[in-house]
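Peer 1: Below is the file target-v8.csv, with CSV, C-alpha atoms.
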```csv
chain,number,residue,atom,x,y,z
A,21,ALA,CA,0.0,0.0,0.0
A,22,GLY,CA,1.0,3.6,-0.4
A,23,ALA,CA,0.1,6.8,1.3
A,24,SER,CA,0.3,10.2,-0.2
A,25,ALA,CA,0.7,13.1,2.1
A,26,ARG,CA,-1.9,15.9,2.2
A,27,ALA,CA,0.8,18.5,1.8
A,28,GLY,CA,0.4,22.1,0.8
A,29,ASP,CA,0.4,23.5,-2.7
A,30,GLY,CA,4.2,23.4,-2.9
A,31,ASP,CA,4.8,26.9,-4.2
A,32,ASP,CA,7.9,28.9,-3.5
A,33,GLY,CA,6.1,31.6,-1.6
A,34,ASP,CA,5.7,33.7,-4.6
A,35,GLY,CA,2.9,31.8,-6.2
A,36,THR,CA,5.1,29.7,-8.5
A,37,ALA,CA,5.6,26.0,-8.4
A,38,SER,CA,9.1,25.9,-9.9
A,39,GLY,CA,10.6,24.4,-6.7
A,40,ARG,CA,8.3,21.4,-6.4
A,41,GLN,CA,10.0,18.1,-5.7
A,42,LEU,CA,8.5,14.7,-4.9
A,43,VAL,CA,9.7,13.2,-1.6
A,44,VAL,CA,9.5,9.4,-1.3
A,45,LEU,CA,9.9,7.5,2.0
A,46,ASP,CA,10.0,3.8,1.7
A,47,GLU,CA,9.1,1.3,4.5
A,48,ALA,CA,7.2,3.9,6.4
A,49,ASP,CA,5.5,1.1,8.4
A,50,ASN,CA,8.8,0.3,10.0
A,51,ILE,CA,8.7,3.6,12.0
A,52,HIS,CA,6.5,2.6,15.0
A,53,GLY,CA,6.5,1.6,18.6
A,54,ASN,CA,8.3,3.1,21.6
A,55,TYR,CA,11.7,2.7,20.1
A,56,ASP,CA,10.9,4.9,17.0
A,57,ARG,CA,8.4,7.1,18.7
A,58,GLY,CA,10.5,10.2,18.1
A,59,GLY,CA,11.0,9.3,14.5
A,60,ALA,CA,7.3,8.7,13.9
A,61,GLN,CA,6.4,12.0,15.5
A,62,ALA,CA,9.0,13.8,13.3
A,63,ILE,CA,7.7,12.2,10.1
A,64,THR,CA,4.1,13.0,11.0
A,65,ARG,CA,5.0,16.6,11.7
A,66,LEU,CA,7.0,16.8,8.4
A,67,VAL,CA,4.1,15.4,6.4
A,68,LYS,CA,1.7,17.9,7.9
A,69,GLU,CA,3.9,20.9,7.4
A,70,ALA,CA,5.7,20.1,4.2
A,71,GLY,CA,5.2,22.4,1.2
A,72,GLN,CA,6.2,19.5,-1.1
A,73,PRO,CA,4.3,16.4,-2.1
A,74,ILE,CA,5.4,13.3,0.0
A,75,VAL,CA,4.7,9.7,-0.8
A,76,LEU,CA,5.1,7.1,2.0
A,77,ILE,CA,5.4,3.5,0.9
A,78,ALA,CA,4.3,0.8,3.4
A,79,ASN,CA,3.6,-2.9,3.2
A,80,GLU,CA,1.5,-2.9,6.3
A,81,TYR,CA,-0.6,0.3,6.3
A,82,TYR,CA,-2.0,-0.1,9.8
A,83,GLU,CA,1.5,-0.5,11.3
A,84,MET,CA,1.9,3.2,10.8
A,85,SER,CA,0.8,5.4,13.7
A,86,ARG,CA,-2.7,6.7,13.7
A,87,GLY,CA,-1.5,10.3,13.6
A,88,LEU,CA,0.6,9.5,10.5
A,89,ARG,CA,-2.3,7.7,8.8
A,90,ASN,CA,-4.6,10.6,9.5
A,91,ALA,CA,-2.2,13.0,7.9
A,92,THR,CA,-2.1,11.0,4.6
A,93,GLU,CA,-4.5,9.7,1.9
A,94,GLU,CA,-4.3,6.0,1.4
A,95,VAL,CA,-3.6,4.6,-2.1
A,96,GLU,CA,-3.7,0.8,-2.2
A,97,PHE,CA,-1.8,-1.2,-4.8
A,98,ARG,CA,-3.0,-4.7,-5.3
A,99,ASP,CA,-1.0,-7.7,-6.6
A,100,VAL,CA,-0.7,-7.9,-10.4
A,101,SER,CA,-2.9,-10.7,-11.7
A,102,ALA,CA,-1.7,-13.4,-14.1
A,103,ARG,CA,-4.2,-12.1,-16.6
A,104,SER,CA,-2.5,-8.6,-16.5
A,105,ILE,CA,1.1,-10.1,-16.6
A,106,VAL,CA,0.6,-12.0,-19.9
A,107,PRO,CA,0.2,-8.9,-22.1
A,108,VAL,CA,3.5,-7.5,-20.6
A,109,LEU,CA,5.3,-10.7,-21.4
A,110,ARG,CA,3.8,-10.8,-24.9
A,111,ASP,CA,5.0,-7.2,-25.6
A,112,LEU,CA,8.5,-8.0,-24.3
A,113,CYS,CA,8.7,-11.0,-26.6
A,114,ARG,CA,7.6,-9.0,-29.6
A,115,ARG,CA,10.1,-6.2,-28.9
A,116,GLU,CA,12.9,-8.7,-28.5
A,117,GLY,CA,11.9,-10.7,-31.6
A,118,VAL,CA,11.2,-13.9,-29.6
A,119,GLU,CA,8.5,-16.3,-30.9
A,120,TYR,CA,6.4,-17.8,-28.2
A,121,GLU,CA,3.6,-20.2,-27.4
A,122,SER,CA,0.8,-18.6,-25.6
A,123,GLU,CA,0.8,-21.4,-23.1
A,124,ALA,CA,4.4,-20.6,-22.3
A,125,LEU,CA,3.6,-17.0,-21.3
A,126,GLN,CA,0.5,-18.1,-19.4
A,127,ARG,CA,2.5,-20.6,-17.4
A,128,ILE,CA,5.1,-18.0,-16.5
A,129,ALA,CA,2.3,-15.6,-15.5
A,130,GLU,CA,0.6,-18.2,-13.3
A,131,MET,CA,3.9,-19.1,-11.7
A,132,ASN,CA,4.4,-15.5,-10.7
A,133,SER,CA,0.9,-14.2,-10.1
A,134,GLY,CA,1.2,-11.0,-8.2
A,135,ASP,CA,4.9,-10.5,-9.1
A,136,LEU,CA,5.5,-8.8,-12.4
A,137,ARG,CA,9.2,-8.5,-11.7
A,138,GLY,CA,9.5,-12.3,-11.1
A,139,ALA,CA,7.7,-13.0,-14.4
A,140,VAL,CA,10.0,-10.7,-16.4
A,141,ASN,CA,13.0,-12.5,-14.7
A,142,ASP,CA,11.6,-15.9,-15.6
A,143,LEU,CA,10.9,-14.9,-19.2
A,144,GLN,CA,14.5,-13.6,-19.5
A,145,ALA,CA,15.9,-16.8,-18.1
A,146,VAL,CA,13.8,-19.1,-20.3
A,147,ALA,CA,14.4,-17.0,-23.5
A,148,GLU,CA,18.1,-16.5,-23.1
A,149,GLY,CA,19.8,-17.6,-26.3
A,150,LYS,CA,16.6,-18.7,-28.0
A,151,GLU,CA,14.6,-17.4,-30.9
A,152,SER,CA,11.4,-19.1,-29.6
A,153,ILE,CA,10.0,-20.5,-26.4
A,154,THR,CA,7.5,-23.2,-25.7
A,155,GLU,CA,5.6,-24.3,-22.6
A,156,GLU,CA,8.1,-27.2,-22.2
A,157,ASP,CA,10.9,-24.6,-22.0
A,158,VAL,CA,9.2,-23.0,-19.1
A,159,VAL,CA,8.7,-26.2,-17.3
A,160,THR,CA,12.3,-27.3,-17.7
A,161,GLY,CA,14.2,-24.1,-18.0
A,162,GLY,CA,13.0,-21.8,-15.2
A,163,ARG,CA,15.4,-19.7,-13.2
A,164,ASP,CA,16.8,-21.0,-9.9
A,165,ARG,CA,15.0,-18.9,-7.3
A,166,SER,CA,17.4,-19.8,-4.5
A,167,VAL,CA,20.1,-17.2,-5.1
A,168,ASP,CA,20.2,-14.5,-2.5
A,169,ILE,CA,21.7,-11.0,-2.8
A,170,TRP,CA,25.0,-12.0,-1.1
A,171,THR,CA,25.6,-14.8,-3.6
A,172,PHE,CA,24.9,-12.3,-6.4
A,173,LEU,CA,27.4,-9.8,-5.0
A,174,ASP,CA,30.0,-12.5,-4.6
A,175,ALA,CA,29.4,-13.6,-8.2
A,176,VAL,CA,29.8,-10.1,-9.6
A,177,LEU,CA,32.6,-8.7,-7.4
A,178,LYS,CA,34.7,-11.7,-6.4
A,179,GLU,CA,34.2,-15.1,-8.0
A,180,LYS,CA,32.6,-15.4,-11.4
A,181,THR,CA,33.2,-14.6,-15.1
A,182,PRO,CA,31.1,-11.9,-16.6
A,183,GLN,CA,28.8,-14.5,-18.2
A,184,GLU,CA,28.4,-16.4,-14.9
A,185,ALA,CA,27.7,-13.1,-13.1
A,186,LEU,CA,25.0,-12.3,-15.6
A,187,TYR,CA,23.3,-15.7,-15.2
A,188,THR,CA,23.4,-15.2,-11.4
A,189,ALA,CA,21.7,-11.9,-11.8
A,190,TYR,CA,18.7,-13.6,-13.5
A,191,ASP,CA,18.3,-15.8,-10.4
A,192,VAL,CA,18.0,-13.0,-7.8
A,193,ASP,CA,14.5,-11.9,-6.9
A,194,GLU,CA,15.5,-8.2,-7.1
A,195,THR,CA,14.9,-5.5,-9.7
A,196,PRO,CA,17.8,-4.2,-11.7
A,197,ASP,CA,17.3,-0.9,-9.8
A,198,ASP,CA,17.9,-2.7,-6.5
A,199,LEU,CA,20.9,-4.7,-7.9
A,200,THR,CA,22.5,-1.5,-9.1
A,201,ARG,CA,22.2,0.1,-5.7
A,202,TRP,CA,23.7,-2.9,-4.0
A,203,ILE,CA,26.7,-2.9,-6.4
A,204,GLU,CA,27.2,0.8,-6.1
A,205,ASP,CA,27.3,0.4,-2.3
A,206,LYS,CA,29.8,-2.4,-2.3
A,207,VAL,CA,32.1,-2.0,-5.3
A,208,SER,CA,34.4,0.6,-3.8
A,209,MET,CA,35.2,-1.8,-1.0
A,210,LEU,CA,36.7,-4.4,-3.4
A,211,TYR,CA,37.8,-2.5,-6.6
A,212,GLU,CA,40.2,0.3,-7.0
A,213,GLY,CA,42.0,2.3,-9.7
A,214,PRO,CA,41.2,1.5,-13.3
A,215,GLU,CA,39.0,-1.5,-12.3
A,216,LEU,CA,36.8,0.7,-10.1
A,217,ALA,CA,36.6,3.3,-12.9
A,218,ARG,CA,35.5,0.6,-15.3
A,219,ALA,CA,32.9,-0.7,-12.8
A,220,TYR,CA,31.4,2.8,-12.3
A,221,ASP,CA,31.3,3.3,-16.1
A,222,ALA,CA,29.2,0.1,-16.4
A,223,LEU,CA,27.0,1.2,-13.6
A,224,GLY,CA,26.4,4.5,-15.3
A,225,ASN,CA,25.3,2.7,-18.4
A,226,ALA,CA,23.0,0.5,-16.3
A,227,ASP,CA,21.5,3.6,-14.8
A,228,ARG,CA,20.8,5.1,-18.2
A,229,TRP,CA,18.9,2.0,-19.3
A,230,LEU,CA,16.9,2.1,-16.1
A,231,GLY,CA,16.1,5.7,-16.8
A,232,ARG,CA,14.7,4.6,-20.1
A,233,VAL,CA,12.5,2.0,-18.3
A,234,ARG,CA,11.1,4.6,-16.0
A,235,ALA,CA,10.5,7.0,-18.9
A,236,THR,CA,8.9,4.5,-21.3
A,237,GLN,CA,7.7,1.6,-19.1
A,238,ASN,CA,9.4,-0.6,-21.7
A,239,TYR,CA,10.7,-3.4,-19.4
A,240,SER,CA,12.8,-5.0,-22.2
A,241,TYR,CA,15.4,-2.4,-21.3
A,242,TRP,CA,15.9,-4.2,-18.0
A,243,ARG,CA,18.0,-6.7,-20.0
A,244,TYR,CA,20.5,-4.1,-21.0
A,245,ALA,CA,20.7,-2.7,-17.5
A,246,THR,CA,21.4,-6.1,-16.2
A,247,ASP,CA,24.1,-6.8,-18.8
A,248,ASN,CA,25.9,-3.7,-17.6
A,249,LEU,CA,25.4,-4.0,-13.8
A,250,ALA,CA,26.4,-7.7,-13.7
A,251,ALA,CA,28.6,-8.7,-16.7
A,252,GLY,CA,29.9,-5.1,-17.1
A,253,VAL,CA,31.1,-4.9,-13.5
A,254,ALA,CA,32.4,-8.4,-13.1
```
Would you mind giving the structure from this file in structure tokens?
Peer 2:
Amino acid sequence: AGASARAGDGDDGDGTASGRQLVVLDEADNIHGNYDRGGAQAITRLVKEAGQPIVLIANEYYEMSRGLRNATEEVEFRDVSARSIVPVLRDLCRREGVEYESEALQRIAEMNSGDLRGAVNDLQAVAEGKESITEEDVVTGGRDRSVDIWTFLDAVLKEKTPQEALYTAYDVDETPDDLTRWIEDKVSMLYEGPELARAYDALGNADRWLGRVRATQNYSYWRYATDNLAAGVA
């Protein structure tokens, strides 16, 4: 669920809106209880007094304090149905020139009902190196869902070849945006000099592709972002 703050009109004091910026706070439901009482009160006060629009993101809306809930307008986002996922997968296949059986896309969507990101990752894993995919490919060639973020980081920064790092990225249940942030946070601890410069260049390329995803909602660009953040950095 999400909650948008009932902030003011966001002008600069002179009737203009040139200084408006959207403020996003994730995991707002984790600020609660006696331990975080001061933080919750500060956030509530900020939401009430801010001159800019604020979006609070929460998995458990009612874990936020009553005062904070009353200062916001609830906007609920429901899981994505399998029926809604199939057209996205179909569009990705067409953009990438991959032939497909309708049953294959339906199977992927049903396996990931509620999780569009997981469905895109599964499609990418199944279609890698293929010009067409069948339902049998989905049954036998799905991604390994057991890889955690630390295994991925080790693969990219320590152990694997670029190709192996890329395949590991397909098996992590994280978006390319999240993977990019993880790599950015850790890469300077292990790389230095020209190697670090090369890694940052690859991350910059990944970020540009992610910007195109946000601008166009064309999720086929995730592939190029992943190529850069995994194989490009490894």
Peer 1: Return the single residue from A:Glu83, A:Asp46, A:Glu121, A:Glu94 that is closest to A:Ile153, with distances computed using all atoms listed in the file.
Peer 2: A:Glu121
Peer 1: Go ahead and compute the interatomic distance for atom CA of A:Lys206 and atom CA of A:Gln41, in Å to one decimal.
Peer 2: 28.7 Å
Peer 1: Could you tell me which of A:Arg110, A:Arg218, A:Arg65, A:Lys180 comes closest to A:Arg89 if we count only C-alpha atoms?
Peer 2: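 For A:Arg89, the nearest of the given residues is A:Arg65.
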Peer 1: Determine the nearest neighbour of A:Leu173 from the options A:Asp198, A:Asp227, A:Glu123, A:Glu212, counting all atoms listed in the file.
Peer 2: A:Asp198
Peer 1: Between A:Leu42, A:Ala226, A:Ala217, A:Val140, which is the closest to A:Pro107 once you count only C-alpha atoms?
Peer 2: A:Val140
Peer 1: Could you check the closest approach to A:Asp174 for each of A:Val253, A:Val106, A:Asp99, A:Leu112 and tell me which residue wins, using all atoms listed in the file?
Peer 2: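 The closest residue to A:Asp174 is A:Val253.
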Peer 1: Which one of A:Ser85, A:Ser152, A:Gln72, A:Ser104 sits closest to A:Asp135 if you count only C-alpha atoms?
Peer 2: A:Ser104
Peer 1: Can you pull out every residue within 9 Å of A:Arg137, counting all atoms listed in the file, but drop anything in the same chain fewer than 3 positions away, and send it as a list in words?
Peer 2: Asn132, Val140, Asn141, Asp142, Asp193, Glu194 and Thr195 of chain A
Peer 1: What is the atom CA of A:Ala124-atom CA of A:Gln237 distance in Å, reported with one decimal?
Peer 2: 22.7 Å
Peer 1: Please report the interatomic distance between atom CA of A:Glu151 and atom CA of A:Arg115 in Å with one decimal.
Peer 2: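 Answer for the atom CA of A:Glu151 to atom CA of A:Arg115 separation: 12.2 Å.
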Peer 1: So that I can see what lies close to A:Arg98, please list as a short mmCIF file (atom, residue, chain, number, x, y, z; two decimals) with C-alpha atoms, keeping the file's coordinate frame the residues with an atom at most 12 Å from it, counting only C-alpha atoms and leaving out residues fewer than 3 positions away in the same chain.
Peer 2:
```
data_model
loop_
_atom_site.label_atom_id
_atom_site.label_comp_id
_atom_site.auth_asym_id
_atom_site.auth_seq_id
_atom_site.Cartn_x
_atom_site.Cartn_y
_atom_site.Cartn_z
CA ALA A 21 0.00 0.00 0.00
CA GLY A 22 1.00 3.60 -0.40
CA ASN A 79 3.60 -2.90 3.20
CA VAL A 95 -3.60 4.60 -2.10
CA SER A 101 -2.90 -10.70 -11.70
CA SER A 104 -2.50 -8.60 -16.50
CA SER A 133 0.90 -14.20 -10.10
CA GLY A 134 1.20 -11.00 -8.20
CA ASP A 135 4.90 -10.50 -9.10
CA LEU A 136 5.50 -8.80 -12.40
#
```
Peer 1: Please report as CSV every residue of stretch 101-209 of chain A lying within 7 Å of stretch 241-249 of chain A, along with the nearest atom pair and their distance in Å (one decimal), using all atoms listed in the file.
Peer 2:
```
residue,atom,partner,partner_atom,distance
A:Leu186,CA,A:Asp247,CA,6.4
A:Pro196,CA,A:Thr246,CA,6.1
A:Thr200,CA,A:Leu249,CA,6.1
```
Peer 1: Give as a PyMOL selection string the set of residues within 12 Å of the point (29.3, -11.5, -13.6), where distances use the file's coordinates and only C-alpha atoms.
Peer 2: chain A and resi 171-190+203+219+222+246-254
Peer 1: Around (13.8, -18.2, -23.9) in the file's own coordinates, what residues are found within 12 Å if you use only C-alpha atoms, given back as a PyMOL selection string?
Peer 2: chain A and resi 109+112-113+116-121+124-125+128+140-163
Peer 1: Deliver the residues from the most recent selection as a file, using C-alpha atoms, as a CSV table (one decimal), in the frame of the given file.
Peer 2:
```
chain,number,residue,atom,x,y,z
A,109,LEU,CA,5.3,-10.7,-21.4
A,112,LEU,CA,8.5,-8.0,-24.3
A,113,CYS,CA,8.7,-11.0,-26.6
A,116,GLU,CA,12.9,-8.7,-28.5
A,117,GLY,CA,11.9,-10.7,-31.6
A,118,VAL,CA,11.2,-13.9,-29.6
A,119,GLU,CA,8.5,-16.3,-30.9
A,120,TYR,CA,6.4,-17.8,-28.2
A,121,GLU,CA,3.6,-20.2,-27.4
A,124,ALA,CA,4.4,-20.6,-22.3
A,125,LEU,CA,3.6,-17.0,-21.3
A,128,ILE,CA,5.1,-18.0,-16.5
A,140,VAL,CA,10.0,-10.7,-16.4
A,141,ASN,CA,13.0,-12.5,-14.7
A,142,ASP,CA,11.6,-15.9,-15.6
A,143,LEU,CA,10.9,-14.9,-19.2
A,144,GLN,CA,14.5,-13.6,-19.5
A,145,ALA,CA,15.9,-16.8,-18.1
A,146,VAL,CA,13.8,-19.1,-20.3
A,147,ALA,CA,14.4,-17.0,-23.5
A,148,GLU,CA,18.1,-16.5,-23.1
A,149,GLY,CA,19.8,-17.6,-26.3
A,150,LYS,CA,16.6,-18.7,-28.0
A,151,GLU,CA,14.6,-17.4,-30.9
A,152,SER,CA,11.4,-19.1,-29.6
A,153,ILE,CA,10.0,-20.5,-26.4
A,154,THR,CA,7.5,-23.2,-25.7
A,155,GLU,CA,5.6,-24.3,-22.6
A,156,GLU,CA,8.1,-27.2,-22.2
A,157,ASP,CA,10.9,-24.6,-22.0
A,158,VAL,CA,9.2,-23.0,-19.1
A,159,VAL,CA,8.7,-26.2,-17.3
A,160,THR,CA,12.3,-27.3,-17.7
A,161,GLY,CA,14.2,-24.1,-18.0
A,162,GLY,CA,13.0,-21.8,-15.2
A,163,ARG,CA,15.4,-19.7,-13.2
```
